[in-house]
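Heads up, the thing below is written out as structure tokens.
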Amino acid sequence: MNNETFENPELNFDNRIPLEDLKKAVIDLKSQLGKVIIGQENFIELLIAALLANGHVLIEGVPGVAKTITAKLFAKTLETDFSRIQFTPDLMPSDVLGTSVLSSKSSDFEFKPGPIFSNIVLIDEINRAPAKTQAALFEVMEERQITIDGKKYLMPPPFMVLATQNPIEQEGTYALPEAQLDRFLFKIKVDYPTPLEEVEILQSHHDRKGAAPEEGIIAVLTPEKLLELQKQIQGVLVEEKLLNYIAQLVIKTRNHPHLYLGASPRASIAVMNSSKAMAAIQGRDFVIPEDIKKVLVPVLAHRVILSPEKEMEGITPENVIDLIANTIEIPR
């Protein structure tokens, strides 16, 4: 979706919520990322929607398709703290959360925060850490807090986890637990660029003449403004018939013959919140069915498990979700 969408005369209606600041923020974010990232419009739009919906994102793609650099540049467009954690098989929970150490001055234990204490946290190759380290993320991703030695530490808002994983190389990796996958608002699959985009990527690298990609990126959104925009998203209208539509879509995953495991009520909430964000990005303070259908695959694909026989046939979760979306009548 390009920026001209906002100028479409068909969208010139009176909103209950003033969306001018949000409109400007989205345009500015896309403009900054567009300085380096060629193509990937859907990827960038979903990242912005997740940010506005206060959700976490799992990014999947083969090496070299700009997963990590996009996440880093996205963080730089925000005036927030940023930390990067490289997950490895020997990583311990304390390496992520922090640990209590004995202070020589006070002769008492003092908590030293880990790299998770930041606003935007990039976790590279999240599926390379073992189960105990994965489990360390459960509380912080859901409740925005961690508990160490019986004491709670709140994460400073905004707080967003961007995690990457490679779907091809499985040696030395650990499948993410379903409970953790359920805590990601979106799973975004990043594909190879088109031939034309590949030429543009080469031209962009050639023109930079060795300069770091992030050198030309400036911050365009403060934490205070972001929190204000996130509150606006909560006020976007979702009619009752659309809430019923979301419920029907998610419930259908629980009794579909192609699926071994369906989506949870958390998935229903995720569809609703992300469709609100998508509506606001399009300049509307109300959700339409197209907003819901646009976020359906990114929200649900990682939350369902195929039946073994359908997996053997080569059917994907995305295929099943599209099938479900086509069988539920769209409310008008």
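In the structure tokens, the first chain shown is A, the next is B, and so on; residue numbers restart at 1 for each chain, and ligands run from 1 in the order shown.
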Which residues of range 285-315 of chain A come within 9 Å of range 259-276 of chain A, and for each one, what is the closest pair of atoms and their distance in Å to one decimal, counting only C-alpha atoms, sorted by chain and residue number, as a Markdown table?
| residue | atom | partner | partner_atom | distance |
| --- | --- | --- | --- | --- |
| A:Asp285 | CA | A:Lys276 | CA | 7.9 |
| A:Phe286 | CA | A:Lys276 | CA | 7.2 |
| A:Val287 | CA | A:Lys276 | CA | 5.9 |
| A:Ile288 | CA | A:Ser275 | CA | 8.3 |
| A:Pro289 | CA | A:Ser275 | CA | 8.8 |
| A:Glu290 | CA | A:Ser275 | CA | 8.8 |
| A:Asp291 | CA | A:Ser275 | CA | 5.1 |
| A:Ile292 | CA | A:Ser275 | CA | 5.2 |
| A:Lys293 | CA | A:Ser275 | CA | 8.4 |
| A:Lys294 | CA | A:Ser275 | CA | 7.8 |
| A:Val295 | CA | A:Ser275 | CA | 6.4 |
| A:Leu296 | CA | A:Val271 | CA | 6.6 |
| A:Val299 | CA | A:Val271 | CA | 6.3 |
| A:Leu300 | CA | A:Ala267 | CA | 6.8 |
| A:Arg303 | CA | A:Ala263 | CA | 5.5 |
| A:Val304 | CA | A:Gly262 | CA | 4.9 |
| A:Ile305 | CA | A:Leu261 | CA | 4.9 |
| A:Leu306 | CA | A:Leu259 | CA | 4.4 |
| A:Ser307 | CA | A:Tyr260 | CA | 4.5 |
| A:Pro308 | CA | A:Tyr260 | CA | 7.8 |
| A:Lys310 | CA | A:Leu259 | CA | 8.2 |
Would you kindly return, as an NGL selection string, each protein, DNA or RNA residue with an atom no farther than 12 Å from any atom of Arg183 in chain A, considering only C-alpha atoms and excluding same-chain residues fewer than 4 positions away? :A and (54-58 or 134-135 or 137-144 or 160-163 or 176-179 or 187 or 263-267 or 269-270 or 299-300 or 302-303)
Can I get the selection written as an mmCIF file, in the first residue's frame, with C-alpha atoms?
data_model
loop_
_atom_site.group_PDB
_atom_site.id
_atom_site.type_symbol
_atom_site.label_atom_id
_atom_site.label_comp_id
_atom_site.auth_asym_id
_atom_site.auth_seq_id
_atom_site.Cartn_x
_atom_site.Cartn_y
_atom_site.Cartn_z
ATOM 1 C CA ASN A 54 1.467 -3.038 20.577
ATOM 2 C CA GLY A 55 2.370 -6.531 19.372
ATOM 3 C CA HIS A 56 5.487 -8.622 18.741
ATOM 4 C CA VAL A 57 6.596 -9.903 15.339
ATOM 5 C CA LEU A 58 8.277 -13.126 14.196
ATOM 6 C CA GLN A 134 12.749 -19.706 25.074
ATOM 7 C CA ALA A 135 10.638 -20.035 28.219
ATOM 8 C CA LEU A 137 10.523 -14.879 27.127
ATOM 9 C CA PHE A 138 7.019 -16.065 28.025
ATOM 10 C CA GLU A 139 6.354 -13.628 30.857
ATOM 11 C CA VAL A 140 8.052 -10.592 29.353
ATOM 12 C CA MET A 141 6.308 -10.912 25.985
ATOM 13 C CA GLU A 142 2.844 -11.326 27.464
ATOM 14 C CA GLU A 143 2.933 -9.201 30.620
ATOM 15 C CA ARG A 144 5.737 -6.729 29.816
ATOM 16 C CA MET A 160 8.308 -4.707 21.177
ATOM 17 C CA VAL A 161 10.136 -7.932 20.315
ATOM 18 C CA LEU A 162 11.221 -8.482 16.709
ATOM 19 C CA ALA A 163 12.530 -12.020 16.225
ATOM 20 C CA LEU A 176 9.464 -22.650 19.171
ATOM 21 C CA PRO A 177 6.880 -23.806 21.752
ATOM 22 C CA GLU A 178 3.262 -23.174 20.774
ATOM 23 C CA ALA A 179 2.864 -21.005 23.877
ATOM 24 C CA LYS A 187 4.511 -14.095 11.713
ATOM 25 C CA ALA A 263 -6.226 -20.915 17.165
ATOM 26 C CA SER A 264 -6.870 -19.683 20.716
ATOM 27 C CA PRO A 265 -9.025 -16.766 21.945
ATOM 28 C CA ARG A 266 -5.762 -14.795 22.080
ATOM 29 C CA ALA A 267 -5.723 -15.157 18.290
ATOM 30 C CA ILE A 269 -8.049 -10.630 20.065
ATOM 31 C CA ALA A 270 -4.938 -10.383 17.873
ATOM 32 C CA VAL A 299 -2.027 -13.601 12.730
ATOM 33 C CA LEU A 300 -3.183 -17.221 12.377
ATOM 34 C CA HIS A 302 1.829 -19.662 13.155
ATOM 35 C CA ARG A 303 -0.910 -20.438 15.668
#
Taking the DSSP secondary structure from the backbone, can you list the residues of range 78-314 of chain A that are strand (DSSP E or B), as a ChimeraX atom specification? /A:78,82-86,98-102,109-113,120-124,145-148,151-154,160-165,186-189,221,237,259-261,286,305-306
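Of the residues listed (A:Leu73, A:Ile48, A:Ala247, A:Ile281), A:Leu73 shows the shortest atom-to-atom separation from Gly34 in chain A; distances use only C-alpha atoms.
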List the neighbours of Gly61 in chain A out to 6 Å using only C-alpha atoms; skip same-chain residues closer than 3 positions along the sequence, and give me the result as a list in words. Asn166, Lys189 and Val190 of chain A
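Here the question is which of A:Ser118, A:Gln232, A:Thr222, A:Gln203 gets nearest to Thr77 in chain A using only C-alpha atoms, and that residue is A:Thr222.
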Between CA of Lys112 in chain A and CA of Arg84 in chain A, what distance in Å does the model show, to one decimal? 17.1 Å
Between range 204-285 of chain A and range 148-156 of chain A, at 12 Å or less, what are the per-residue closest atom pairs and their distances in Å? Count only C-alpha atoms, order by chain and rising residue number, and return it as CSV.
residue,atom,partner,partner_atom,distance
A:Pro223,CA,A:Pro156,CA,10.0
A:Glu224,CA,A:Pro156,CA,11.7
A:Leu227,CA,A:Pro156,CA,11.5
When you count only C-alpha atoms, which of these residues is closest to Asn119 in chain A: A:Ile201, A:Leu78, A:Ile17, A:Leu249? A:Leu78
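Minimum distance to Val220 in chain A across A:Lys35, A:Leu29, A:Asn42, A:Asn319 (counting only C-alpha atoms) occurs at A:Leu29.
The coordinates place CA of Ala212 in chain A at 19.1 Å from CA of Val199 in chain A.
Taking CA of Lys76 in chain A and CA of Lys225 in chain A as endpoints, the distance between them is 15.3 Å.
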List every residue of range 84-313 of chain A that DSSP, applied to the backbone of this structure, assigns to helix (DSSP H, G or I), and report them as number ranges by chain. A: 93-97, 126-128, 131-143, 178-181, 195-208, 213-216, 223-234, 240-254, 265-281, 289-300, 308-312
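For the residues A:Lys252, A:Val36, A:Glu125, A:Glu110, ranking by smallest atom-to-atom distance to Ile168 in chain A using only C-alpha atoms places A:Glu125 first.
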Which residue out of A:Gln282, A:Thr194, A:Thr99, A:Thr88 has the minimum interatomic distance to Leu22 in chain A when only C-alpha atoms are used? A:Gln282
